[in-house]
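Heads up: the structure comes next, in C-alpha cells.
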Amino acid sequence: MQIQVVKSSEVTFDDVESCLVVPVFERVFPLNSEVLREQDELTLQALVDKGSITGKARECFYVPSPNSLYHGVLSIGLGKKEDFTAETLRRAAGKACSLFSANRVQHVCLDVSRQEPISVEAFVEGVILGQYSFDVYKRQEEDAEHPPVKVEKITLAVANDADVEAIRIRCQLAAVMCLSANGARHLANTAANEMTPTALAEFAQGIAKEAACDCYVMEREEMEKRGMNALLGVAKGSSQPPKLIILHYRHSDASKTLALVGKGVTFDAGGLSLKPSNGMHEMKYDMCGAAAVLCTMMNVVELKPAVNVICVVPAVENKTGADAQTPGDIVRACNGTTIEVHNTDAEGRLVLADAMAYTVEEYHPDVLVDVATLTGACVVALGHYAAGLFTNNEDVCAALQAAGTQCDERVWPLPMWPDYEKLIEGEHADLCNIGPQGEAGTITAACFLKKFVDDTPWAHIDIAGTAWGGKNIDYLNPKFATGYGVRLLTHWLLAQAK
Ligand code: BES
Ligand code: ZN
Ligand code: MG
C-alpha cells in the first residue's frame with residue numbers, strides 16, 4: 001500500500017481509477033473540499049438538498065465523475081461533529097471499501113484540507129483492514145474480462161498549514177500495523193490442515209530474517225528434558241509434533257525486556273473431552289493469540305522500538321489420537337506445579353503454563369503479556385466487542401487500557417479475587433485445570449495462568465470473543481478472523497519503548 005500525505009494544492013492523480021473521498025459531518029453544510037471540482041460540488045450539493053447526503057455516520061454516496069482529474073467522488077458520513085471519534089472514520093472507511101471495489105478504484109484521496117484536524121490514520125486503517133479478504137482458495141474466473149482490483153494507493157490531502165511530516169509518520173505507522181494485522185488474519189483463516197504447529201514455526205522463522213531478531217524452535221525432545229509435561233500432554237493426542245516457538249528481538253538502547261506469549265493451538269477438537277461438532281471447525285482459530293503476538297513481532301522488526309521483546313508461542317494441536325491425554329491424568333509442569341486434567345478441552349491454560357513458566361525463568365521479563373482464545377465463557381461475558389483483561393499490576397493494566405483506547409481494540413478488566421483461585425485447587429494435585437462448571441470460567445482460567453508467572457508483572461488477555469465473530473464492524477468482514485491484538489500490542493510496545 002502506497003501512502004501519500006500532501007497539501008491539498010499539490011494533489012495529483014495518475015492514470016489508475018481514482019476516487020476523491022469527501023468527509024461530511026451531519027448537518028455541516030456546504031460540503032468542504034479543496035480538491036473537489038466545482039461541477040462535482042454542485043452535484044453533491046444537489047444530493048444534499050434532496051436529502052440523499054445527510055452526513056450520518058458511515059453513510060456513503062458514490063458519484064462517477066468521468067470528466068474530472070479523478071474518476072469519482074465518494075461522500076462519507078462522519079456523524080455529529082461532537083460525537084466524532086477515530087472509530088467513526090475507521091468504520092466509514094471500511095464501509096466505503098465495497099464501493100471502491102464495485103467501482104474498481106485503485107487510488108483513493110481523502111480530502112480533509114478544509115476540516116479541523118482529525119485522525120486521518122483511521123481512514124488508512126479502515127481501508128487496509130476493510131479490503132482484506134481470504135480468497136486464496138477460491139477459483140478465480142480466469143477468463144473474466146475485469147479481474148477484481150484493490151486500492152493500492154491512499155492520498156491524504158491536508159490543509160496547507162498542516163504538519164505534513166507528522167501526519168505522514170502516523171499514517172505510515174497505521175499502514176504497517178494493519179498490514180501485519182492482516183497477516184495475523186491470514187494465519188488464522190488458513191485451515192488447520194495447513195496451519196500446523198510446524199507451519200507456524202516456519203512463519204516465525206521468516207520474521208527473524210533481520211539481525212536484531214532471532215528465532216529458536218524448541219522440539220519435543222528438549223521439552224521433555226525441561227519437563228514441559230503440561231504442554232506435552234496436550235500434544236499427545238496429535239500426530240503433529242509440538243513446537244515451542246521463540247522470537248527474540250534486541251535493541252541496544254533497551255532498558256527493559258517485554259515478553260509476549262500467544263496461545264497457538266492450531267486446532268482444538270477438545271481432545272477426549274470432545275467438543276460438539278457444531279461449530280467445531282471454528283477451532284482453527286484457536287491460534288489467534290499466536291497469530292497476534294507473531295505478527296506484532298513483524299511490526300517490532302519493522303519499527304525497531306528501543307525495548308527487548310521476547311515472543312513465545314506454544315504451538316500444538318488438541319486432538320483425540322490413540323495416545324491422547326485422558327481425563328484424570330496428572331501432569332507436572334516445568335516449574336514443578338502438578339495439574340489434574342479433568343477436562344482435556346481446557347488445554348490452552350496447560351500449554352500456556354509451560355510456555356509462561358519457561359519465559360519467566362529463562363528471560364526474567366519486566367512485563368509478560370499473554371494473549372489467548374482461552375474460554376468460551378469470555379464470549380458469554382463480553383461478546384465480540386471487548387477482550388477480557390487480567391493483571392497483577394496496576395501500571396500494566398493502565399498501559400494496556402490506554403493502548404486499547406488509542407486503537408479501539410477494547411480490553412475490559414475482570415477481577416481475580418482469592419475466592420476464585422480456590423476454585424481451581426486440585427483434589428490430588430496442586431491445581432485442577434477446570435473450575436466448577438458455569439462459574440466464572442474466564443476468571444478461573446486467568447487464576448490458573450497466574451500460578452505460572454511468579455511475581456512478574458503480568459497481564460492476560462482473553463480474546464476468545466474478539467478474535468473472530470464480531471458483526472457490524474465495517475472494516476472487519478465477519479467471515480474472517482479479526483487480527484485483534486496486533487494493533488493493541490504494537491501500540492503498547494511503542495509506548496513502553498518511550
Ligand atoms: N479454545 C477454547 C475456548 C473457546 C471457545 C474460544 C469458544 C472461542 C470460542 C478452549 O480451549 C476451551 O475449550 N475452553 C473450554 C474450557 C472449559 C472446558 C473449562 C470452554 O471454554 O468451554
Ligand atoms: Zn482451545
Ligand atoms: Mg479447548
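Each chain in the C-alpha cells gets a letter, A, B and so on, in the order shown; residues start at 1 in every chain, and ligands are counted from 1 in the order they appear.
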
Check every protein, DNA and RNA residue against ligand 3, keep those with an atom at most 9 Å away (counting only C-alpha atoms and all ligand atoms), and present them as a short mmCIF file (atom, residue, chain, number, x, y, z; two decimals) with all heavy atoms, in the first residue's frame.
data_model
loop_
_atom_site.label_atom_id
_atom_site.label_comp_id
_atom_site.auth_asym_id
_atom_site.auth_seq_id
_atom_site.Cartn_x
_atom_site.Cartn_y
_atom_site.Cartn_z
N VAL A 265 -2.82 -23.05 19.68
CA VAL A 265 -3.47 -24.34 19.45
C VAL A 265 -4.02 -24.30 18.02
O VAL A 265 -5.02 -23.63 17.74
CB VAL A 265 -4.56 -24.62 20.50
CG1 VAL A 265 -5.31 -25.92 20.18
CG2 VAL A 265 -3.94 -24.72 21.89
N ASP A 268 -8.33 -27.07 17.92
CA ASP A 268 -8.80 -27.53 19.23
C ASP A 268 -10.06 -28.35 19.07
O ASP A 268 -11.17 -27.83 19.09
CB ASP A 268 -9.04 -26.31 20.14
CG ASP A 268 -9.54 -26.73 21.52
OD1 ASP A 268 -9.42 -27.93 21.86
OD2 ASP A 268 -10.03 -25.86 22.26
N ALA A 269 -9.88 -29.67 18.92
CA ALA A 269 -11.04 -30.56 18.86
C ALA A 269 -11.59 -30.80 20.27
O ALA A 269 -12.68 -31.34 20.43
CB ALA A 269 -10.63 -31.89 18.23
N GLY A 270 -10.82 -30.40 21.28
CA GLY A 270 -11.22 -30.63 22.66
C GLY A 270 -10.49 -31.82 23.27
O GLY A 270 -10.50 -32.01 24.48
N GLY A 271 -9.89 -32.65 22.42
CA GLY A 271 -9.28 -33.88 22.95
C GLY A 271 -10.38 -34.87 23.32
O GLY A 271 -11.50 -34.79 22.80
N SER A 273 -12.21 -35.00 25.83
CA SER A 273 -13.39 -34.21 26.22
C SER A 273 -13.85 -33.48 24.96
O SER A 273 -13.81 -32.25 24.87
CB SER A 273 -13.05 -33.22 27.32
OG SER A 273 -12.30 -33.80 28.35
N LEU A 274 -14.27 -34.26 23.99
CA LEU A 274 -14.50 -33.78 22.62
C LEU A 274 -15.54 -32.66 22.56
O LEU A 274 -16.56 -32.72 23.24
CB LEU A 274 -14.97 -34.96 21.77
CG LEU A 274 -15.01 -34.81 20.25
CD1 LEU A 274 -13.61 -34.58 19.69
CD2 LEU A 274 -15.63 -36.06 19.62
N LYS A 275 -15.28 -31.70 21.71
CA LYS A 275 -16.26 -30.62 21.50
C LYS A 275 -17.40 -31.13 20.64
O LYS A 275 -17.22 -32.05 19.84
CB LYS A 275 -15.58 -29.47 20.75
CG LYS A 275 -14.66 -28.61 21.59
CD LYS A 275 -14.18 -27.41 20.81
CE LYS A 275 -13.22 -26.57 21.62
NZ LYS A 275 -13.81 -25.97 22.82
N MET A 283 -12.60 -23.87 15.45
CA MET A 283 -11.45 -24.02 16.35
C MET A 283 -10.11 -24.02 15.63
O MET A 283 -9.07 -24.17 16.24
CB MET A 283 -11.64 -25.26 17.24
CG MET A 283 -12.64 -25.00 18.36
SD MET A 283 -12.05 -23.67 19.46
CE MET A 283 -13.49 -22.61 19.48
N ASP A 286 -8.07 -21.24 17.07
CA ASP A 286 -7.57 -21.29 18.44
C ASP A 286 -6.08 -20.92 18.53
O ASP A 286 -5.48 -21.04 19.59
CB ASP A 286 -7.83 -22.68 19.04
CG ASP A 286 -8.12 -22.61 20.53
OD1 ASP A 286 -8.42 -21.52 21.03
OD2 ASP A 286 -8.03 -23.67 21.20
N ASN A 318 -4.83 -30.01 19.51
CA ASN A 318 -5.52 -30.75 20.58
C ASN A 318 -6.49 -31.74 19.95
O ASN A 318 -7.60 -31.36 19.57
CB ASN A 318 -6.25 -29.76 21.49
CG ASN A 318 -6.84 -30.42 22.74
OD1 ASN A 318 -6.36 -31.47 23.18
ND2 ASN A 318 -7.87 -29.80 23.30
N ASN A 343 -10.53 -31.91 32.37
CA ASN A 343 -11.17 -31.69 31.08
C ASN A 343 -10.09 -31.39 30.05
O ASN A 343 -9.40 -30.38 30.14
CB ASN A 343 -12.17 -30.53 31.19
CG ASN A 343 -13.05 -30.41 29.96
OD1 ASN A 343 -12.57 -30.51 28.82
ND2 ASN A 343 -14.34 -30.19 30.16
N THR A 344 -9.96 -32.27 29.07
CA THR A 344 -8.86 -32.09 28.09
C THR A 344 -9.13 -30.91 27.16
O THR A 344 -8.24 -30.51 26.40
CB THR A 344 -8.65 -33.36 27.24
OG1 THR A 344 -9.85 -33.60 26.47
CG2 THR A 344 -8.35 -34.57 28.11
N ASP A 345 -10.35 -30.38 27.20
CA ASP A 345 -10.67 -29.22 26.36
C ASP A 345 -10.19 -27.91 27.00
O ASP A 345 -10.19 -26.87 26.35
CB ASP A 345 -12.19 -29.18 26.11
CG ASP A 345 -12.55 -28.26 24.96
OD1 ASP A 345 -11.64 -27.81 24.24
OD2 ASP A 345 -13.76 -27.99 24.80
N ALA A 346 -9.81 -27.96 28.26
CA ALA A 346 -9.21 -26.76 28.87
C ALA A 346 -7.70 -26.87 28.68
O ALA A 346 -6.92 -26.94 29.63
CB ALA A 346 -9.59 -26.66 30.33
N GLU A 347 -7.30 -26.92 27.38
CA GLU A 347 -5.90 -27.20 27.04
C GLU A 347 -5.06 -25.94 26.92
O GLU A 347 -3.84 -26.00 27.07
CB GLU A 347 -5.85 -27.99 25.73
CG GLU A 347 -5.90 -27.14 24.44
CD GLU A 347 -7.20 -26.36 24.28
OE1 GLU A 347 -8.21 -26.74 24.91
OE2 GLU A 347 -7.19 -25.34 23.56
N GLY A 348 -5.73 -24.81 26.66
CA GLY A 348 -4.97 -23.56 26.44
C GLY A 348 -4.12 -23.24 27.66
O GLY A 348 -2.92 -22.94 27.55
N LEU A 374 -8.96 -18.20 25.12
CA LEU A 374 -8.88 -19.15 26.23
C LEU A 374 -10.20 -19.78 26.65
O LEU A 374 -10.26 -20.97 26.93
CB LEU A 374 -8.21 -18.50 27.44
CG LEU A 374 -7.59 -19.48 28.43
CD1 LEU A 374 -6.47 -20.28 27.78
CD2 LEU A 374 -7.07 -18.77 29.66
N THR A 375 -11.27 -18.96 26.70
CA THR A 375 -12.52 -19.52 27.26
C THR A 375 -13.77 -19.08 26.49
O THR A 375 -13.93 -17.91 26.16
CB THR A 375 -12.72 -19.07 28.73
OG1 THR A 375 -12.87 -17.66 28.77
CG2 THR A 375 -11.57 -19.51 29.61
N GLY A 376 -14.65 -20.04 26.26
CA GLY A 376 -15.96 -19.72 25.70
C GLY A 376 -16.72 -18.78 26.64
O GLY A 376 -17.52 -17.95 26.20
#

Per-residue nearest contacts of range 238-316 of chain A to range 480-485 of chain A (12 Å; only C-alpha atoms) as CSV:
residue,atom,partner,partner_atom,distance
A:Leu260,CA,A:Gly485,CA,11.1
A:Val261,CA,A:Gly485,CA,11.9
A:Gly262,CA,A:Gly485,CA,10.3
A:Glu282,CA,A:Ala481,CA,9.9
A:Met283,CA,A:Ala481,CA,11.4
A:Lys284,CA,A:Ala481,CA,10.2
A:Tyr285,CA,A:Ala481,CA,7.4
A:Asp286,CA,A:Ala481,CA,10.6
A:Met287,CA,A:Ala481,CA,10.7
A:Cys288,CA,A:Gly483,CA,7.4
A:Gly289,CA,A:Gly485,CA,7.8
A:Ala290,CA,A:Gly485,CA,10.0
A:Ala291,CA,A:Gly483,CA,7.6
A:Ala292,CA,A:Gly485,CA,5.3
A:Val293,CA,A:Gly485,CA,7.5
A:Leu294,CA,A:Gly485,CA,10.4
A:Cys295,CA,A:Gly483,CA,8.8
A:Thr296,CA,A:Gly485,CA,8.0
A:Met297,CA,A:Gly485,CA,11.6

Next on the checklist: Give me the residues near Glu59 in chain A as a PyMOL selection string, where near means some atom within 12 Å (using only C-alpha atoms) and where sequence neighbours in that chain fewer than 6 positions away do not count.
Outcome noted: chain A and resi 22-26+51-53+74-79+88-89+91-96+99+474

Checklist entry - Residues of range 279-425 of chain A in strand (DSSP E) according to DSSP, as a ChimeraX atom specification? => result /A:308-318,330-332,338-340,367-372,387-391,411-413

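Proximity of A:Val63, A:Leu31, A:Ile128, A:Val112 to Ala162 in chain A, computed with only C-alpha atoms, is greatest for A:Val112.
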